[in-house]
Amino acid sequence: MAVNSYREDEYMQNTDKKKILTRLFSYLLAYKGAVAAVLLCMGITVAISLVNPLLIEEAIDTYVAGGNLPGLVRLGIFALVLNLVFIVMVKLRMYVMAVISNKILLRIRQDLYEHIQTLSFSFFDSRPTGKILARVIGDVNSLKDVLVNAVTTLIPEFVTVIGVVVIMVVKDWRLALASLCTIPFMIVGIWFVQTAAHKRWQIFRKKSSNLNAYVHEDVAGMNVVQSFAAEGETQAIFEELTEEHRKSYVDATRYADLFGPVIDFCWGFGAMMLYLVGVRFLGIDQPSVGLLVAFGTYINMFWNPIMNLSNFYNSLVTNLTAAERIFDILDTEPDIVDVSDAMELPEIQGSVEFSHVSFTYDKGTAAETKVLDDVSFRVKPGETIALVGPTGAGKTTIVNLISRFYDIEDGKIYIDGYDLSKVSMESLRQQMGVMTQDNFIFHGTIRDNIRYGKLDATDEEIVRAAKAVNAHEFIMKMEKGYDTELKEQGAGLSIGQRQLIAFARTMVSMPKILILDEATSSIDTHTELLVQKGIEALLKGRTSFVIAHRLSTIQNADRIFVIDKGGIAEAGSPAELMAAKGAYYNLYMAQFAGLS
């Protein structure tokens with residue numbers, strides 16, 4: 001299986017930035033009413049901000065020049081009320097947009113999480129868990145400022161810029177032209193900066209993902225690290241990844257920080273041109289003092305929004321890569337999907353048939369590995385089939401194909417005569433129970449962990465399942481019995497106890513087909529003898545597939561399949577295979593010869 005590790009940067013296809021932005025901002029459509037209210041507030045604030053310089057001009061040229069103090073006071077009171085309204089509208093729009101943006105982030109995270117759950121094993125096999133978490137948590141959080149500022153900054157500042165330009169041109173087109181002569185230089189400068197910065201922010205996101213993946217892996221395996229005194233080595237790797245992360249951030253911000261100087265230069269040069277043209281070429285008597293002051297204010301009102309827009313654009317460039325990474329997963333199609341006319345699998349008896357089945361991992365890649373080649377067999381309802389053979393022979397692959405965790409390359413798989421590719425996966429998996437040697441224990445009570453196998457299970461069903469696998473006795477000895485709170489991954493329990501709880505979780509679902517993949521490998525011999533009685537009772541009348549290297553656990557199997565070299569090398573009852581003195585006989589003798 002081709003794997004992207006924490007040492008490798010994730011591959012990202014080049015994407016259309018316009019499509020990414022359109023898709024991101026489409027989430028705002030679900031809140032049209034609230035956004036409209038925000039836009040109304042912004043319309044009022046923009047109008048007030050555009051009127052303020054005109055009030056200043058009027059105050060200087062009319063009331064100050066004319067010595068009209070009462071009129072100046074009335075104008076001042078009007079301006080004060082107007083700007084109090086401005087403050088209220090700004091606060092209101094900020095609050096509403098904060099609520100909207102948080103709801104959108106929640107929706108994006110839910111969409112991402114729901115989609116991830118539809119993806120097949122191959123997706124999770126090919127990348128570290130930490131890199132997936134980086135997208136679900138970090139990348140989604142990065143979008144908040146973009147969503148808020150898209151409405152509260154982009155729209156009002158853009159409208160302000162247009163309004164300022166129109167007023168300046170109407171007032172005096174010569175002063176307007178002088179003030180805005182640096183715009184072409186600004187456009188060229190910003191284009192250069194964003195092009196260079198975006199590439200570097202992509203690299204930074206990848207390095208962040210690598211670091212996140214390593215920390216997750218290292219913490220999860222801390223017991224191994226400490227057992228082998230490998231803290232020094234892991235610290236060295238962590239420092240290396242942290243340094244790569246730091247360098248990528250510095251490299252990206254070095255370019256991103258050029259936005260400000262470009263704007264500042266164009267702003268300062270434009271202001272200089274305003275006063276140079278207004279005083280030197282037009283003469284001080286032509287434009288009034290009030291007009292020059294108003295133009296100076298409008299210059300600030302023009303470049304301030306431009307600065308804010310450049311900061312927004314900088315934030316957009318910084319966080320656009322986060323949106324790209326999120327939509328990259330959302331656009332990943334599940335390898336295993338129901339056909340459009342998939343039928344619900346009715347309650348089954350449990351017959352299983354493989355008809356000329358072949359399967360290859362990573363087909364078409366350098367890591368291509370053919371595991372099964374033209375495999376055929378039939379299993380009757382209620383039969384117990386043991387799968388034995390060397391590691392990597394395809395035992396687990398067979399049971400994974402029955403659960404349709406992967407799709408076959410060639411051939412057909414039938415359950416009760418129904419083609420698995422034509423029934424819904426949910427209706428199939430609801431009738432199956434799967435237990436491996438490394439079952440996950442969730443944080444929560446023992447009762448909750450067992451009930452996970454059947455969410456509507458009663459307390460009686462939970463206790464019955466625990467008793468069947470002989471877990472009830474040790475559970476009742478715990479502090480709160482079935483209500484004992486378990487830590488993540490069952491910390492504090494023995495391996496055998498964790499396995500028994502996982503076994504009860506599988507048993508409570510009362511599956512029609514039961515798959516035990518090395519399910520008793522982590523249980524000591526004494527505990528195994530207790531569990532075997534429960535297994536035999538629960539397997540009675542159910543089709544079961546048991547993968548085991550410990551041959552003592554499968555002596556009651558109806559048939560044994562010896563899997564080797566892409567197929568079934570031998571098949572038969574334990575007695576038949578021992579009499580044949582073939583591959584199974586050799587495995588058996590190798591395990592038990594020294595025990596006689």
# chains A, B, ... in the order shown; residues from 1 in each chain; ligands from 1
$ residues_around --residues "range 352-357 of chain A" --least-positions-apart "3" --cutoff "6 Å" --atoms "only C-alpha atoms" --output "list in words"
Asp374, Val375, Ser376, Phe377, Arg378, Val379, Asp410, Gly411, Lys412, Ile413, Tyr414 and Ile415 of chain A
$ write_last_selection --atoms "C-alpha atoms" --output "PDB file, in the first residue's frame"
ATOM      1  CA  ASP A 374      -8.880 -16.744  -9.041  1.00  0.00           C
ATOM      2  CA  VAL A 375     -10.111 -17.861  -5.620  1.00  0.00           C
ATOM      3  CA  SER A 376     -13.365 -19.864  -5.442  1.00  0.00           C
ATOM      4  CA  PHE A 377     -15.131 -21.555  -2.517  1.00  0.00           C
ATOM      5  CA  ARG A 378     -18.559 -22.026  -0.953  1.00  0.00           C
ATOM      6  CA  VAL A 379     -19.514 -21.846   2.711  1.00  0.00           C
ATOM      7  CA  ASP A 410     -12.341  -9.806 -10.833  1.00  0.00           C
ATOM      8  CA  GLY A 411     -14.992 -12.352 -10.023  1.00  0.00           C
ATOM      9  CA  LYS A 412     -18.077 -12.266  -7.782  1.00  0.00           C
ATOM     10  CA  ILE A 413     -18.859 -12.614  -4.090  1.00  0.00           C
ATOM     11  CA  TYR A 414     -22.319 -13.797  -3.063  1.00  0.00           C
ATOM     12  CA  ILE A 415     -24.065 -13.923   0.297  1.00  0.00           C
TER      13      ILE A 415
END
$ residues_around --residues "range 427-434 of chain A" --least-positions-apart "5" --cutoff "10 Å" --atoms "only C-alpha atoms" --output "ChimeraX atom specification"
/A:343-348,350,399-400,402-405,415,420,439,453-454,502-503,505-517,519,543-545
$ write_last_selection --atoms "C-alpha atoms" --output "JSON list (two decimals), in the first residue's frame"
[["chain", "number", "residue", "atom", "x", "y", "z"],
["A", 343, "MET", "CA", -30.97, -3.10, -2.95],
["A", 344, "GLU", "CA", -31.29, -3.66, 0.78],
["A", 345, "LEU", "CA", -29.90, -7.04, 1.77],
["A", 346, "PRO", "CA", -32.70, -8.93, 3.54],
["A", 347, "GLU", "CA", -32.07, -10.94, 6.69],
["A", 348, "ILE", "CA", -29.59, -13.61, 5.65],
["A", 350, "GLY", "CA", -25.19, -16.86, 6.06],
["A", 399, "VAL", "CA", -12.61, -11.38, 5.25],
["A", 400, "ASN", "CA", -12.23, -7.70, 4.28],
["A", 402, "ILE", "CA", -16.67, -10.26, 2.53],
["A", 403, "SER", "CA", -17.31, -7.07, 4.52],
["A", 404, "ARG", "CA", -16.72, -5.09, 1.31],
["A", 405, "PHE", "CA", -14.06, -2.90, 2.82],
["A", 415, "ILE", "CA", -24.06, -13.92, 0.30],
["A", 420, "LEU", "CA", -22.32, -7.98, -2.80],
["A", 439, "ASN", "CA", -9.77, -3.45, 18.81],
["A", 453, "GLY", "CA", -21.86, -2.88, 18.63],
["A", 454, "LYS", "CA", -25.64, -2.33, 18.80],
["A", 502, "ALA", "CA", -14.23, -5.71, 22.38],
["A", 503, "PHE", "CA", -15.43, -9.29, 22.01],
["A", 505, "ARG", "CA", -19.12, -5.47, 21.70],
["A", 506, "THR", "CA", -19.03, -7.70, 18.66],
["A", 507, "MET", "CA", -21.24, -10.34, 20.21],
["A", 508, "VAL", "CA", -24.00, -7.93, 21.29],
["A", 509, "SER", "CA", -24.76, -7.20, 17.64],
["A", 510, "MET", "CA", -25.79, -10.85, 17.16],
["A", 511, "PRO", "CA", -24.35, -10.97, 13.63],
["A", 512, "LYS", "CA", -25.35, -13.48, 10.99],
["A", 513, "ILE", "CA", -21.76, -13.70, 9.80],
["A", 514, "LEU", "CA", -18.95, -13.41, 12.34],
["A", 515, "ILE", "CA", -15.35, -12.63, 11.50],
["A", 516, "LEU", "CA", -12.62, -13.20, 14.07],
["A", 517, "ASP", "CA", -9.26, -11.93, 12.83],
["A", 519, "ALA", "CA", -9.34, -12.30, 17.94],
["A", 543, "THR", "CA", -21.44, -18.54, 9.65],
["A", 544, "SER", "CA", -18.03, -17.62, 10.95],
["A", 545, "PHE", "CA", -14.56, -17.01, 9.58]]
$ residues_around --residues "Gly481 in chain A" --least-positions-apart "2" --cutoff "12 Å" --atoms "only C-alpha atoms" --output "MDAnalysis selection string"
chainID A and resid 445:447 463 466 471:479 483:486
$ write_last_selection --atoms "all heavy atoms" --output "tab-separated table (two decimals), in the first residue's frame"
chain	number	residue	atom	x	y	z
A	445	THR	N	-17.90	4.66	29.35
A	445	THR	CA	-18.11	3.53	30.26
A	445	THR	C	-17.97	2.20	29.52
A	445	THR	O	-18.02	2.15	28.29
A	445	THR	CB	-19.51	3.60	30.89
A	445	THR	OG1	-20.50	3.43	29.86
A	445	THR	CG2	-19.73	4.93	31.59
A	446	ILE	N	-17.81	1.14	30.30
A	446	ILE	CA	-17.76	-0.20	29.72
A	446	ILE	C	-19.08	-0.48	29.01
A	446	ILE	O	-19.10	-1.04	27.89
A	446	ILE	CB	-17.51	-1.25	30.82
A	446	ILE	CG1	-16.10	-1.09	31.39
A	446	ILE	CG2	-17.70	-2.66	30.26
A	446	ILE	CD1	-15.79	-2.02	32.55
A	447	ARG	N	-20.18	-0.05	29.61
A	447	ARG	CA	-21.50	-0.26	29.00
A	447	ARG	C	-21.58	0.41	27.62
A	447	ARG	O	-22.06	-0.17	26.66
A	447	ARG	CB	-22.58	0.31	29.93
A	447	ARG	CG	-24.00	-0.08	29.54
A	447	ARG	CD	-25.02	0.65	30.41
A	447	ARG	NE	-24.71	0.53	31.84
A	447	ARG	CZ	-25.05	-0.51	32.57
A	447	ARG	NH1	-25.71	-1.52	32.03
A	447	ARG	NH2	-24.74	-0.53	33.86
A	463	VAL	N	-25.28	-7.34	29.21
A	463	VAL	CA	-24.79	-8.28	30.23
A	463	VAL	C	-24.71	-9.69	29.66
A	463	VAL	O	-23.74	-10.42	29.91
A	463	VAL	CB	-25.72	-8.25	31.47
A	463	VAL	CG1	-25.34	-9.37	32.45
A	463	VAL	CG2	-25.64	-6.89	32.15
A	466	ALA	N	-21.62	-10.00	27.56
A	466	ALA	CA	-20.41	-10.03	28.40
A	466	ALA	C	-20.26	-11.39	29.08
A	466	ALA	O	-19.15	-11.92	29.18
A	466	ALA	CB	-20.48	-8.91	29.43
A	471	ALA	N	-16.63	-12.04	30.22
A	471	ALA	CA	-16.13	-10.72	30.64
A	471	ALA	C	-16.89	-10.20	31.85
A	471	ALA	O	-16.42	-9.30	32.54
A	471	ALA	CB	-16.26	-9.73	29.49
A	472	HIS	N	-18.06	-10.76	32.11
A	472	HIS	CA	-18.94	-10.25	33.18
A	472	HIS	C	-18.24	-10.29	34.53
A	472	HIS	O	-18.35	-9.34	35.32
A	472	HIS	CB	-20.23	-11.08	33.21
A	472	HIS	CG	-21.18	-10.67	34.29
A	472	HIS	ND1	-21.95	-9.54	34.22
A	472	HIS	CD2	-21.48	-11.27	35.48
A	472	HIS	CE1	-22.69	-9.44	35.31
A	472	HIS	NE2	-22.43	-10.48	36.10
A	473	GLU	N	-17.53	-11.35	34.80
A	473	GLU	CA	-16.93	-11.51	36.12
A	473	GLU	C	-15.94	-10.41	36.44
A	473	GLU	O	-15.98	-9.79	37.50
A	473	GLU	CB	-16.26	-12.88	36.22
A	473	GLU	CG	-15.67	-13.17	37.60
A	473	GLU	CD	-15.05	-14.55	37.69
A	473	GLU	OE1	-15.23	-15.35	36.74
A	473	GLU	OE2	-14.37	-14.82	38.70
A	474	PHE	N	-15.00	-10.13	35.51
A	474	PHE	CA	-14.01	-9.10	35.81
A	474	PHE	C	-14.63	-7.70	35.77
A	474	PHE	O	-14.18	-6.79	36.48
A	474	PHE	CB	-12.81	-9.21	34.85
A	474	PHE	CG	-12.89	-8.36	33.61
A	474	PHE	CD1	-12.57	-7.01	33.64
A	474	PHE	CD2	-13.27	-8.92	32.39
A	474	PHE	CE1	-12.62	-6.23	32.50
A	474	PHE	CE2	-13.32	-8.15	31.25
A	474	PHE	CZ	-13.01	-6.80	31.29
A	475	ILE	N	-15.68	-7.52	34.95
A	475	ILE	CA	-16.36	-6.22	34.90
A	475	ILE	C	-17.00	-5.91	36.26
A	475	ILE	O	-16.90	-4.79	36.79
A	475	ILE	CB	-17.42	-6.19	33.78
A	475	ILE	CG1	-16.74	-6.23	32.40
A	475	ILE	CG2	-18.28	-4.93	33.89
A	475	ILE	CD1	-17.71	-6.35	31.24
A	476	MET	N	-17.66	-6.90	36.85
A	476	MET	CA	-18.34	-6.69	38.13
A	476	MET	C	-17.36	-6.44	39.28
A	476	MET	O	-17.73	-5.89	40.32
A	476	MET	CB	-19.24	-7.88	38.45
A	476	MET	CG	-20.40	-8.05	37.48
A	476	MET	SD	-21.40	-6.54	37.28
A	476	MET	CE	-22.04	-6.33	38.95
A	477	LYS	N	-16.12	-6.84	39.10
A	477	LYS	CA	-15.12	-6.60	40.14
A	477	LYS	C	-14.55	-5.18	40.07
A	477	LYS	O	-13.85	-4.75	41.00
A	477	LYS	CB	-13.97	-7.61	40.00
A	477	LYS	CG	-14.35	-9.04	40.39
A	477	LYS	CD	-13.17	-9.97	40.22
A	477	LYS	CE	-13.54	-11.40	40.60
A	477	LYS	NZ	-12.41	-12.34	40.41
A	478	MET	N	-14.87	-4.46	39.00
A	478	MET	CA	-14.37	-3.10	38.86
A	478	MET	C	-15.20	-2.15	39.72
A	478	MET	O	-16.30	-2.48	40.17
A	478	MET	CB	-14.36	-2.69	37.39
A	478	MET	CG	-13.50	-3.60	36.53
A	478	MET	SD	-13.25	-3.01	34.87
A	478	MET	CE	-12.08	-1.69	35.14
A	479	GLU	N	-14.69	-0.96	39.91
A	479	GLU	CA	-15.26	-0.01	40.87
A	479	GLU	C	-16.75	0.23	40.67
A	479	GLU	O	-17.54	0.16	41.62
A	479	GLU	CB	-14.51	1.32	40.78
A	479	GLU	CG	-14.99	2.36	41.76
A	479	GLU	CD	-14.25	3.68	41.61
A	479	GLU	OE1	-13.38	3.77	40.72
A	479	GLU	OE2	-14.55	4.61	42.36
A	483	ASP	N	-20.64	0.59	34.63
A	483	ASP	CA	-20.58	2.05	34.54
A	483	ASP	C	-19.19	2.59	34.85
A	483	ASP	O	-19.02	3.80	34.99
A	483	ASP	CB	-21.60	2.67	35.50
A	483	ASP	CG	-23.04	2.36	35.09
A	483	ASP	OD1	-23.33	2.47	33.88
A	483	ASP	OD2	-23.85	2.01	35.96
A	484	THR	N	-18.21	1.71	34.92
A	484	THR	CA	-16.83	2.15	35.12
A	484	THR	C	-16.36	2.94	33.91
A	484	THR	O	-16.51	2.51	32.76
A	484	THR	CB	-15.89	0.94	35.34
A	484	THR	OG1	-16.34	0.22	36.50
A	484	THR	CG2	-14.45	1.40	35.54
A	485	GLU	N	-15.79	4.11	34.17
A	485	GLU	CA	-15.31	4.98	33.09
A	485	GLU	C	-13.95	4.50	32.59
A	485	GLU	O	-13.02	4.31	33.38
A	485	GLU	CB	-15.19	6.42	33.58
A	485	GLU	CG	-15.06	7.45	32.49
A	485	GLU	CD	-16.39	7.85	31.88
A	485	GLU	OE1	-17.45	7.53	32.46
A	485	GLU	OE2	-16.38	8.49	30.81
A	486	LEU	N	-13.85	4.28	31.29
A	486	LEU	CA	-12.58	3.82	30.70
A	486	LEU	C	-11.84	4.99	30.08
A	486	LEU	O	-12.45	5.92	29.53
A	486	LEU	CB	-12.85	2.77	29.63
A	486	LEU	CG	-13.55	1.48	30.10
A	486	LEU	CD1	-13.76	0.55	28.93
A	486	LEU	CD2	-12.73	0.80	31.19
$ residues_around --residues "range 74-77 of chain A" --least-positions-apart "6" --cutoff "12 Å" --atoms "only C-alpha atoms" --output "list in words"
Asn52, Leu54, Leu55, Ile56, Glu57, Glu58, Ala59, Ile60, Thr62, Tyr63, Val64, Asn68, Asn83 and Leu84 of chain A
$ residues_around --residues "range 216-222 of chain A" --least-positions-apart "5" --cutoff "8 Å" --atoms "only C-alpha atoms" --output "ChimeraX atom specification"
/A:128-130,234
$ closest_residue --among "A:Ser120, A:Tyr313, A:Ile263, A:Pro381" --to "Gly541 in chain A" --atoms "only C-alpha atoms"
A:Pro381
$ residues_around --residues "range 248-260 of chain A" --least-positions-apart "5" --cutoff "9 Å" --atoms "only C-alpha atoms" --output "number ranges by chain"
A: 189-190, 193-194, 196-205, 207, 243, 265, 307, 310-311, 314-315, 317-318
$ residues_around --residues "Ala322 in chain A" --least-positions-apart "6" --cutoff "10 Å" --atoms "only C-alpha atoms" --output "VMD selection string"
chain A and resid 134 to 135 138 to 143 201 to 202 205 to 206 316 328
$ select_by_dssp --residues "range 223-461 of chain A" --states "helix (DSSP H, G or I)" --output "PyMOL selection string"
chain A and resi 223-227+231-256+259-281+289-330+395-402+420-422+425-429+446-451+459-461
$ closest_residue --among "A:Ala504, A:Phe561, A:Gly66, A:Ile187" --to "Ala465 in chain A" --atoms "only C-alpha atoms"
A:Ala504
$ atom_distance --atom1 "CA of Glu409 in chain A" --atom2 "CA of Thr360 in chain A"
6.8 Å
$ select_by_dssp --residues "range 346-543 of chain A" --states "strand (DSSP E)" --output "ChimeraX atom specification"
/A:352-361,369-379,384-388,410-415,418-419,432-436,444-445,485-486,513-517,543
$ closest_residue --among "A:Pro574, A:Pro53, A:Gly566, A:Gly33" --to "Ile385 in chain A" --atoms "only C-alpha atoms"
A:Pro574
$ atom_distance --atom1 "CA of Val51 in chain A" --atom2 "CA of Trp173 in chain A"
18.8 Å
$ closest_residue --among "A:Pro156, A:Gly382, A:Gly67, A:Gly268" --to "Arg542 in chain A" --atoms "only C-alpha atoms"
A:Gly382
$ closest_residue --among "A:Val224, A:Ile336, A:Val35, A:Ile237" --to "Thr118 in chain A" --atoms "only C-alpha atoms"
A:Ile336
